[in-house]
Structure formats: structure tokens, C-alpha cells
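Participant: Encoded as C-alpha cells, here's the structure I'll be asking about.
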Amino acid sequence: VILELIPYKPNCAHSDIIFSYLFSTVPATMVDSQNLVTDNVAVVEGEVAVISCRVKNNDDSVIQLLNPNRQTIYFRDVRPLKDARFQLVNFSDNELRVSLSNVTLSDEGRYVCQLYTDPPQEAYADITVLIPPGNPIIESREGQVIEGNETEMTCTAMGSKPAATIRWMKGDKELQGKSKVEEMYDTMFTVTSQLTFTVTKEDDGVPVVCIVDHPAVKDVQAQTYLVVHYKPEVKIVVEFPDGLPREGQNMELSCQAKGKPHPQQINWVKVDDDLPSHALITGPDLYIENLNKTYNGTYRCFAANSVGESYDDYILYVYDSRAGEGAPRAVDHAVIGGVVAVVVFAMLCLLIILGRYFARHKGTYFTHEAKGADDAADADTAIINAEGGHNNSDEKKEYYI
């Protein structure tokens, strides 16, 4: 480095001696090898940003950091700028690292890493200030929804930079909403998402969650629970007797009804007839004493709430008192009949197989006189040959079982 004194000239406005740095020329090959690099920085408002100016194979050239207005923040390890939020983190021949605390939106911009070579080298680090949204607000068009109807919900995330994105979950299923982005002052944004869907009774009590995604924050959400009104679900249960209802027995039918709001009215009727005169109704239960066949028919339970009315039917058929005794014998006869049918079928199959076997093994039979006829010149010779026999002739034997 050469320090040169530049004398005062008459046309200058002052008489001070001006000092300037003149840097010696560096061979081009070395300049190319000096690689000045830095990184962009995204930082949440109020937190700390760190800017790193790095040099590869430095030849003792000076590194400095400038702000977006090109004012020197750090010259080597000296801070000319009177902003105590900037602090030196590391200084060496290969790196100048500076931190900026309590970042505000006004600190956003392009910072310059400068290396004094010939020609000078510059690298740029863009600081982006992130502003998280406020807590999301979820609202429903109505507090209670009737099954089969549509409901509408909105979720709002206010005052963020950049604009947030909003997702919806109903239980473990993701739903698609419709978002609108509104720009506010200082490049701040408000996002509103609208969700519309049809509800069923299974949605009652299911959480609906509005999830806000933003680079400055994680797991920001708001939720509400669905309140779905639906008409009653009705089911008739036989409390007693167990098995088939028979003459002389008592019977109790229970009407189980579930709905929202809870059913306030439950009624018993007999379809196309009146209830037995001595039938007793106690709340949701129907009690009938001393069953007989005149009580046969369809019994119906109605349940109603503010949404609607539903019913369930029970068909009563009264058996005589011996119905339970005859049933097991009927089952035994059926089993016996099945066994007999299997045996008969097996015998038929066996007869068919034996018949085919004997048909394939049908023999050829000769009289005693004909055994030597093939090689005899006349009948007498044939008889003599048959009587004397032929030791080498094949004999066929038949066995009967």
C-alpha cells in the first residue's frame, strides 16, 4: 500500500490535506482466484441478522461492509457507522462477519460486501425482514347446523410479511378453502380464507382447524367444533323373552332413540290396529302381559325432536306354547335326512365305478374241445391236442368275488 500526500490547490474550497489510499496492482490470475461470497438473510422482526463476507485465497486485501445507502458499517474490524446494533462477530483475512440486533422493517435492503482489489470486487446480501401474522381468527356463519345443510366458515390472518397461506382440516381430512389477499401499509398483508361444505350427523363434535403457514412462525392455528342437529335414530330392542315369543309369556320392547337435540317425544302404536288393552307404556318401553296370537302384528315406535321424526318397526308373531319343543326334533329329522342322502349318493357312485371296471376287464372263454383247434389239422387232432394239453400255451383264469 502506498500513502500519497496530495497538496492543496488554489481552487479548492479548503486548505486541508486530503489523504487517499492508492492500492497496488495485483496480478489478474490472483484476482480471479479471490472469490468473494455472501448469503441472503431472512430474519424475523426484532431478532438478530448475521451478514458474512467471505474471501477465498485472500492476498491481504481489505474487506468492508456497506449498508443499503452505501455507508460503511465496518472497515476491516473498525465500525465507522454510529449504530450500536451492528457488532463484530468475526474478523480474519478470509471473513468479516457482522451481526445486526433488533432488526426492524427499515433495515431491509441490499448490503454490500466489498473487497479492495484491482478492480474492486463486490458481493450482495439481501436482508428480508419477516413479520409474522397475528393469531388467526376463525368465525362460523351459524353456531348450529342441521344435517344436510351447508355451513360457511372464515379464517383471517392479519398483518404479515410476506402474505401467509391458510389451510383447513376437518378431523383428519384436508378441505380446500378460497383465499383472498389484501395489501396493507408498508407491504403488510391480511389473508382471509372462506370454507363452505355440507355437514352430516357424523360431523357433530368434529374439530375444524384453520392452519396458518408463514416462514416466520410454525404451528399457528385456530379451531372450532361443529355442532350438528339431526333427527332421531330409532331402534327397537326386545328386552324379554329370549328366543321365540310364545303364548302365555310376557314381553317388553324398548325404544332406543338418539338425536340432537335429544328426542323429547316417544310414542308406541300398532300399525292398522289398536294396542292391546292391557299394554303398558313406561317412557320408551312397551310392556305386554300374557301373550296370545291376537297380539300378532307390527308395533311401531316414533321418536321426534326439533329437526324431525323417525320410527322403527317390530313384527310380533306369537307361537303356541309347544313351539319350542318341536323345533329340536325338526332339526334332528333334517340332519338324519341329510346323512341318508349322502349315503345313497355314495352307493350310487360306487356302483357306477364297479360297472365301468367290469366292462373294461371282460374275458374270452373257450370250451375244452376248442383249446387246441388253432394248430390242429382236423377235429380229432384238436381233441387229442386239447386232452394232451400244451405246456407252453397261455391260460386265462377268471376269479369271481
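Note on naming: chains are A, B, ... as they come in the C-alpha cells, residues start from 1 per chain, ligands start from 1 in the order shown.
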As a PyMOL selection string, please: the residues near Val43 in chain A (cut-off 7 Å, only C-alpha atoms, same-chain neighbours under 3 positions excluded).
Facilitator: chain A and resi 47-49+128-130
Participant: Emit the selected residues as an mmCIF file, in the first residue's frame, including N, CA and C atoms.
Facilitator:
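Listing of result.cif after writing:
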data_model
loop_
_atom_site.group_PDB
_atom_site.id
_atom_site.type_symbol
_atom_site.label_atom_id
_atom_site.label_comp_id
_atom_site.auth_asym_id
_atom_site.auth_seq_id
_atom_site.Cartn_x
_atom_site.Cartn_y
_atom_site.Cartn_z
ATOM 1 N N GLU A 47 -35.484 -9.809 15.796
ATOM 2 C CA GLU A 47 -34.434 -10.780 16.059
ATOM 3 C C GLU A 47 -33.106 -10.305 15.476
ATOM 4 N N VAL A 48 -32.102 -11.199 15.406
ATOM 5 C CA VAL A 48 -30.737 -10.835 15.014
ATOM 6 C C VAL A 48 -30.439 -11.384 13.625
ATOM 7 N N ALA A 49 -29.883 -10.510 12.762
ATOM 8 C CA ALA A 49 -29.418 -10.919 11.440
ATOM 9 C C ALA A 49 -27.899 -10.936 11.438
ATOM 10 N N THR A 128 -34.059 -9.701 4.219
ATOM 11 C CA THR A 128 -35.520 -9.678 4.149
ATOM 12 C C THR A 128 -36.061 -9.792 5.562
ATOM 13 N N VAL A 129 -36.885 -8.837 5.944
ATOM 14 C CA VAL A 129 -37.469 -8.821 7.284
ATOM 15 C C VAL A 129 -38.840 -9.489 7.231
ATOM 16 N N LEU A 130 -39.008 -10.521 8.039
ATOM 17 C CA LEU A 130 -40.270 -11.261 8.102
ATOM 18 C C LEU A 130 -41.089 -10.768 9.287
#
Participant: Near range 85-96 of chain A, counting only C-alpha atoms, which residues have an atom at most 9 Å away, once you skip same-chain residues fewer than 2 positions from it, shown as an NGL selection string?
Facilitator: :A and (50-65 or 73-74 or 76-79 or 81-83 or 98-103 or 113)
Participant: Considering only C-alpha atoms, return as a count of residues only whatever protein or nucleic-acid residues lie within 6 Å of Cys155 in chain A, sequence-local ones (same chain, fewer than 5 positions apart) excluded.
Facilitator: 4
Participant: Given only C-alpha atoms, how would the per-residue table for range 257-276 of chain A near range 296-309 of chain A read, listing every residue at most 7 Å away with its closest atom pair and distance in Å to one decimal, sorted by chain and number, as CSV?
Facilitator:
residue,atom,partner,partner_atom,distance
A:Ala257,CA,A:Ala303,CA,6.5
A:Pro261,CA,A:Asn305,CA,6.4
A:His262,CA,A:Asn305,CA,6.7
A:Pro263,CA,A:Asn305,CA,4.7
A:Gln264,CA,A:Asn305,CA,6.0
A:Gln265,CA,A:Ala304,CA,5.5
A:Ile266,CA,A:Ala303,CA,4.5
A:Asn267,CA,A:Phe302,CA,5.1
A:Trp268,CA,A:Cys301,CA,4.7
A:Val269,CA,A:Arg300,CA,5.3
A:Lys270,CA,A:Tyr299,CA,4.5
A:Val271,CA,A:Thr298,CA,5.5
Participant: Any idea what's packed within 8 Å of Val228 in chain A, counting only C-alpha atoms, ignoring anything in its chain fewer than 6 positions away? Could you give it as number ranges by chain?
Facilitator: A: 144-147, 199-201, 203-205, 260
Participant: Taking N, CA, C and O atoms for each residue, export the selection above as a PDB file, in the first residue's frame.
Facilitator:
ATOM      1  N   GLN A 144     -75.069 -23.453  15.025  1.00  0.00           N
ATOM      2  CA  GLN A 144     -75.615 -24.800  14.907  1.00  0.00           C
ATOM      3  C   GLN A 144     -76.081 -25.021  13.474  1.00  0.00           C
ATOM      4  O   GLN A 144     -76.656 -24.119  12.851  1.00  0.00           O
ATOM      5  N   VAL A 145     -75.800 -26.221  12.969  1.00  0.00           N
ATOM      6  CA  VAL A 145     -76.142 -26.554  11.587  1.00  0.00           C
ATOM      7  C   VAL A 145     -76.992 -27.818  11.582  1.00  0.00           C
ATOM      8  O   VAL A 145     -76.725 -28.765  12.332  1.00  0.00           O
ATOM      9  N   ILE A 146     -78.017 -27.833  10.739  1.00  0.00           N
ATOM     10  CA  ILE A 146     -78.861 -29.017  10.576  1.00  0.00           C
ATOM     11  C   ILE A 146     -78.245 -29.908   9.513  1.00  0.00           C
ATOM     12  O   ILE A 146     -77.767 -29.425   8.477  1.00  0.00           O
ATOM     13  N   GLU A 147     -78.227 -31.213   9.787  1.00  0.00           N
ATOM     14  CA  GLU A 147     -77.612 -32.168   8.853  1.00  0.00           C
ATOM     15  C   GLU A 147     -78.184 -31.984   7.448  1.00  0.00           C
ATOM     16  O   GLU A 147     -79.373 -31.730   7.251  1.00  0.00           O
ATOM     17  N   VAL A 199     -72.706 -30.557   5.835  1.00  0.00           N
ATOM     18  CA  VAL A 199     -72.466 -31.331   7.054  1.00  0.00           C
ATOM     19  C   VAL A 199     -73.393 -32.546   7.119  1.00  0.00           C
ATOM     20  O   VAL A 199     -74.475 -32.555   6.537  1.00  0.00           O
ATOM     21  N   THR A 200     -72.931 -33.562   7.824  1.00  0.00           N
ATOM     22  CA  THR A 200     -73.728 -34.745   8.132  1.00  0.00           C
ATOM     23  C   THR A 200     -73.756 -34.922   9.644  1.00  0.00           C
ATOM     24  O   THR A 200     -73.016 -34.248  10.378  1.00  0.00           O
ATOM     25  N   LYS A 201     -74.595 -35.849  10.109  1.00  0.00           N
ATOM     26  CA  LYS A 201     -74.673 -36.054  11.558  1.00  0.00           C
ATOM     27  C   LYS A 201     -73.366 -36.593  12.123  1.00  0.00           C
ATOM     28  O   LYS A 201     -73.052 -36.388  13.300  1.00  0.00           O
ATOM     29  N   ASP A 203     -70.559 -35.411  11.499  1.00  0.00           N
ATOM     30  CA  ASP A 203     -69.682 -34.260  11.736  1.00  0.00           C
ATOM     31  C   ASP A 203     -69.896 -33.620  13.105  1.00  0.00           C
ATOM     32  O   ASP A 203     -69.118 -32.745  13.495  1.00  0.00           O
ATOM     33  N   ASP A 204     -70.924 -34.035  13.820  1.00  0.00           N
ATOM     34  CA  ASP A 204     -71.196 -33.420  15.121  1.00  0.00           C
ATOM     35  C   ASP A 204     -70.019 -33.640  16.078  1.00  0.00           C
ATOM     36  O   ASP A 204     -69.583 -34.779  16.292  1.00  0.00           O
ATOM     37  N   GLY A 205     -69.501 -32.553  16.626  1.00  0.00           N
ATOM     38  CA  GLY A 205     -68.373 -32.637  17.551  1.00  0.00           C
ATOM     39  C   GLY A 205     -67.015 -32.743  16.889  1.00  0.00           C
ATOM     40  O   GLY A 205     -65.997 -32.804  17.586  1.00  0.00           O
ATOM     41  N   LYS A 260     -80.067 -35.169  18.022  1.00  0.00           N
ATOM     42  CA  LYS A 260     -79.612 -33.898  18.586  1.00  0.00           C
ATOM     43  C   LYS A 260     -80.483 -32.789  18.027  1.00  0.00           C
ATOM     44  O   LYS A 260     -80.499 -32.586  16.807  1.00  0.00           O
TER      45      LYS A 260
END
Participant: Any idea what the distance is between CA of Arg167 in chain A and CA of Cys210 in chain A?
Facilitator: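 Separating CA of Arg167 in chain A from CA of Cys210 in chain A is a distance of 5.9 Å.
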Participant: Would you compute the distance between CA of Tyr116 in chain A and CA of Pro80 in chain A? Give it in Å to one decimal.
Facilitator: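 Computing it gives 17.1 Å between the two atoms.
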